[in-house]
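This report refers to the structure that appears directly beneath it.
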Protein chains: 2
Amino acid sequence: MIRVALDAMGGDHAPQAEVEGALAALALLPNVVVQLVGQVQVIESELARHPGADRSRIEVVAATEVIGMAEQPLAAVRKKPDSSVVVGLALQKEGKSDAFVSAGNTGAVLAASTILLGIHPGVDRATVATPFPTADLPVMVLDGGANVDCSAKELVGFARLGSVYARDVLGRNRPLVGLLNIGEEDGKGNAITRQAHKLLKQVAGINYIGNIEGRDILAGHSKHGHVDVVVTDGFVGNIVLKFYESVARLILRLVKRNAPDILERTDVQEVFRVLDYAEYGGAPLLGVRGVSIICHGSSGSTAIKNALRVAAQMVETGLNQHIAAEFAAGDAPAA
Amino acid sequence: MIRVALDAMGGDHAPQAEVEGALAALALLPNVVVQLVGQVQVIESELARHPGADRSRIEVVAATEVIGMAEQPLAAVRKKPDSSVVVGLALQKEGKSDAFVSAGNTGAVLAASTILLGIHPGVDRATVATPFPTADLPVMVLDGGANVDCSAKELVGFARLGSVYARDVLGRNRPLVGLLNIGEEDGKGNAITRQAHKLLKQVAGINYIGNIEGRDILAGHSKHGHVDVVVTDGFVGNIVLKFYESVARLILRLVKRNAPDILERTDVQEVFRVLDYAEYGGAPLLGVRGVSIICHGSSGSTAIKNALRVAAQMVETGLNQHIAAEFAAGDAPAA
């Protein structure tokens with residue numbers, strides 16, 4: 001059995017979305033136990049709304065405190081040792097859980113994950129890998145906002161972490177890595193990207209296709225073929241991520257203004273569904289010694305269900321052992 | 001009469017799109033003369049395809065050389081003094097023209113504009129202001145890719161240039177300026193944006209609303225109200241710009257796959273038209289002593305027509321005199 005701890009108190013729609021998402025995931029995944037972490041009474045009243053639910057693979061783990069969405073992350077983690085975030089991750093540290101999922105305060109989940117789980121030897125910094133919907137398969141963009149300023153060496157680390165994830169969880173046999181830049185030629189970009197481009201060309205064990213441009217992220221197929229992993233610092237990654245979220249809203253606003261009736265058609269709804277992050281199950285934090293997935297604060301039950309599925313997959317495929325092995329070899333210079 | 005020089009040889013659809021765009025602009029703008037710059041025979045054969053066209057406000061200016069889209073910009077400008085780009089801008093320098101428009105090699109237009117027109121005293125660097133379509137009015141993002149690494153002081157310069165442009169050309173009485181960042185709070189972002197945020201709060205003469213996030217660019221209305229001018233370095237600006245262009249293509253691909261029939265409806269076509277950069281008339285280069293507009297390489301006649309319209313507007317409103325006055329006062333510290 002894979003034990004996934006779920007922060008039942010985090011996110012805008014907690015605990016309803018969390019409990020519903022957990023029940024949906026359990027119906028889908030016979031080898032998973034969900035550990036609902038939070039205030040017992042709150043969780044139990046929500047569970048009581050689903051009287052027919054099979055409780056055999058649900059555990060309720062008490063955590064009396066809640067970290068708010070606006071709290072200063074590091075201070076909150078330190079001040080609230082009995083919060084759902086800290087308790088949920090501590091379970092994993094103590095060997096009583098295999099993975100953690102939260103739609104709560106992103107910074108707090110990041111800080112607590114790094115502090116409690118630690119970082120794999122050889123990994124410089126943990127990174128948030130964010131899935132970007134495309135017309136075909138999602139593309140992983142990392143870093144998604146955890147690391148604002150990054151060295152070229154850290155970007156190389158993101159490329160390696162993203163490659164292992166794309167292989168293990170997304171099933172890409174030979175994941176292709178691109179460096180987000182403003183042109184494809186050597187020498188394009190700022191000082192860090194120019195240096196990262198040089199380093200990435202020399203790293204063994206990843207399939208580096210070179211610099212890619214903003215338009216290549218979603219293209220599915222760039223000049224070099226499709227891309228699976230897009231490497232950038234957390235400043236650019238976070239801006240592009242949030243911008244992308246807003247574009248779907250803009251198009252929806254334009255359609256509502258110009259041709260509202262088409263939104264009643266299921267084939268048109270499907271277009272907007274593809275652009276919906278909820279389908280992709282949150283952003284895994286890669287590089288920590290364990291499994292931690294950060295969901296959007298606005299996550300509904302579908303997003304939570306999918307995040308639980310991805311968490312189980314990360315455990316099942318041995319992602320952590322593969323990351324440990326990849327980085328134990330050191331800086332992986334060219335063979 | 002406002003004399004606008006148009007590079008008849010630049011862009012993927014030259015000279016056809018250029019000549020058609022010029023004729024469309026002339027029909028619209030009675031006070032404009034278009035100077036078609038390029039190889040006379042090529043231009044004349046294209047003009048010959050429009051036998052009914054009124055030639056009274058069309059001049060053909062000979063330039064024997066053409067700078068290719070893939071040529072190294074600075075080298076090309078130096079090696080080809082009789083290219084359409086250099087000749088077109090030299091006209092303006094010599095007082096024989098008021099503005100220049102080109103869909104050719106962006107880097108070459110940038111380099112030649114800076115060299116031939118020069119920079120206004122007090123301006124640190126010229127910047128490309130790119131219009132982003134939104135559900136309502138376009139937002140200007142600068143820098144769009146001309147300046148990869150920018151100091152905080154240079155970002156402040158972009159804010160001031162963008163504000164004058166938004167007032168003069170977009171008719172925003174009190175243009176609101178946002179700094180593109182990864183959070184709204186003070187202290188968010190990398191070292192440069194943190195410093196720029198501090199400086200922008202102190203600058204007189206601009207309406208700074210603070211840090212904005214990727215999702216606020218198109219929102220029309222951020223937490224603080226709408227934004228007219230988005231300030232960022234050319235690395236981020238260029239990546240977000242190209243990413244945006246690709247999103248419309250992605251949605252089109254998804255609609256074609258799921259509900260192709262709706263694309264035959266004019267109200268749905270209107271949605272995609274709103275997202276089309278061609279409507280917005282190219283990206284003005286701000287800070288140079290003159291008027292220079294850079295169009296997308298793929299510009300069709302509509303994009304060219306609109307760029308000519310914007311060029312005329314920049315001349316008519318006295319944008320350059322206003323920029324000169326704004327920057328003559330120095331660094332414009334808080335009053």
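Simple scheme: letters A, B, ... for chains in structure tokens order, numbers from 1 for residues in each chain, numbers from 1 for ligands in the order shown.
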| Residues near Phe235 in chain B, cut-off 6 Å, only C-alpha atoms, skip fewer than 2 positions along chain, as a PyMOL selection string | chain B and resi 145+148+233+237-238
I need the chosen residues saved as a JSON list (two decimals), in the first residue's frame, with N, CA and C atoms.
[["chain", "number", "residue", "atom", "x", "y", "z"],
["B", 145, "GLY", "N", 12.52, 42.99, -25.93],
["B", 145, "GLY", "CA", 13.59, 42.10, -26.36],
["B", 145, "GLY", "C", 14.85, 42.81, -26.82],
["B", 148, "VAL", "N", 18.53, 42.90, -23.10],
["B", 148, "VAL", "CA", 18.44, 41.64, -22.36],
["B", 148, "VAL", "C", 18.67, 41.85, -20.88],
["B", 233, "ASP", "N", 12.55, 43.52, -18.09],
["B", 233, "ASP", "CA", 13.72, 43.53, -18.97],
["B", 233, "ASP", "C", 13.40, 42.79, -20.26],
["B", 237, "GLY", "N", 10.49, 40.05, -21.20],
["B", 237, "GLY", "CA", 9.51, 40.61, -22.14],
["B", 237, "GLY", "C", 9.44, 39.81, -23.42],
["B", 238, "ASN", "N", 10.59, 39.44, -23.95],
["B", 238, "ASN", "CA", 10.62, 38.70, -25.21],
["B", 238, "ASN", "C", 10.05, 37.29, -25.05]]
| task | Restrict the distance test to only C-alpha atoms, flag each residue of chain A within 6 Å of chain B, and return the flagged residues as a list in words. | result |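 Every residue of chain A that passes the 6 Å test is in Gly214, Arg215, Ile239, Lys242, Phe243, Ser246, Leu254, Asn258, Ala259, Asp267 and Val271 of chain A.
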Keeping only C-alpha atoms, write the selected residues to a file as an mmCIF file, in the first residue's frame.
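Result file follows (selection_3.cif):
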data_model
loop_
_atom_site.group_PDB
_atom_site.id
_atom_site.type_symbol
_atom_site.label_atom_id
_atom_site.label_comp_id
_atom_site.auth_asym_id
_atom_site.auth_seq_id
_atom_site.Cartn_x
_atom_site.Cartn_y
_atom_site.Cartn_z
ATOM 1 C CA GLY A 214 8.845 31.425 -25.610
ATOM 2 C CA ARG A 215 6.865 30.218 -28.599
ATOM 3 C CA ILE A 239 5.734 34.927 -14.648
ATOM 4 C CA LYS A 242 0.765 32.917 -14.188
ATOM 5 C CA PHE A 243 0.529 34.602 -17.580
ATOM 6 C CA SER A 246 -4.610 34.260 -17.389
ATOM 7 C CA LEU A 254 -13.724 37.051 -25.301
ATOM 8 C CA ASN A 258 -18.676 37.442 -28.804
ATOM 9 C CA ALA A 259 -20.182 33.982 -29.035
ATOM 10 C CA ASP A 267 -16.659 19.869 -27.808
ATOM 11 C CA VAL A 271 -10.950 22.937 -25.460
#
| Could you name the residues that touch Ala166 in chain A at 9 Å or less, counting only C-alpha atoms, but leaving out those on the same chain fewer than 3 positions away, as a ChimeraX atom specification? | /A:139-140,161-163,169-175,228-229
| request: For range 90-95 of chain A, work out the shell of residues within 7 Å, counting only C-alpha atoms and skipping chain neighbours fewer than 3 positions away, then give it as a list in words. | output: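 That gives Val86, Val87, Asp98, Ala99, Leu116 and Leu117 of chain A.
The space separating CA of Leu199 in chain A from CA of Leu155 in chain A comes to 9.4 Å.
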| request: Apply DSSP to the structure's backbone, then extract all residues of range 96-247 of chain B labelled strand (DSSP E or B) and return them as a PyMOL selection string. | output: chain B and resi 99-102+119+127-128+130-132+139-142+176-180+207-212+222+225+229-231
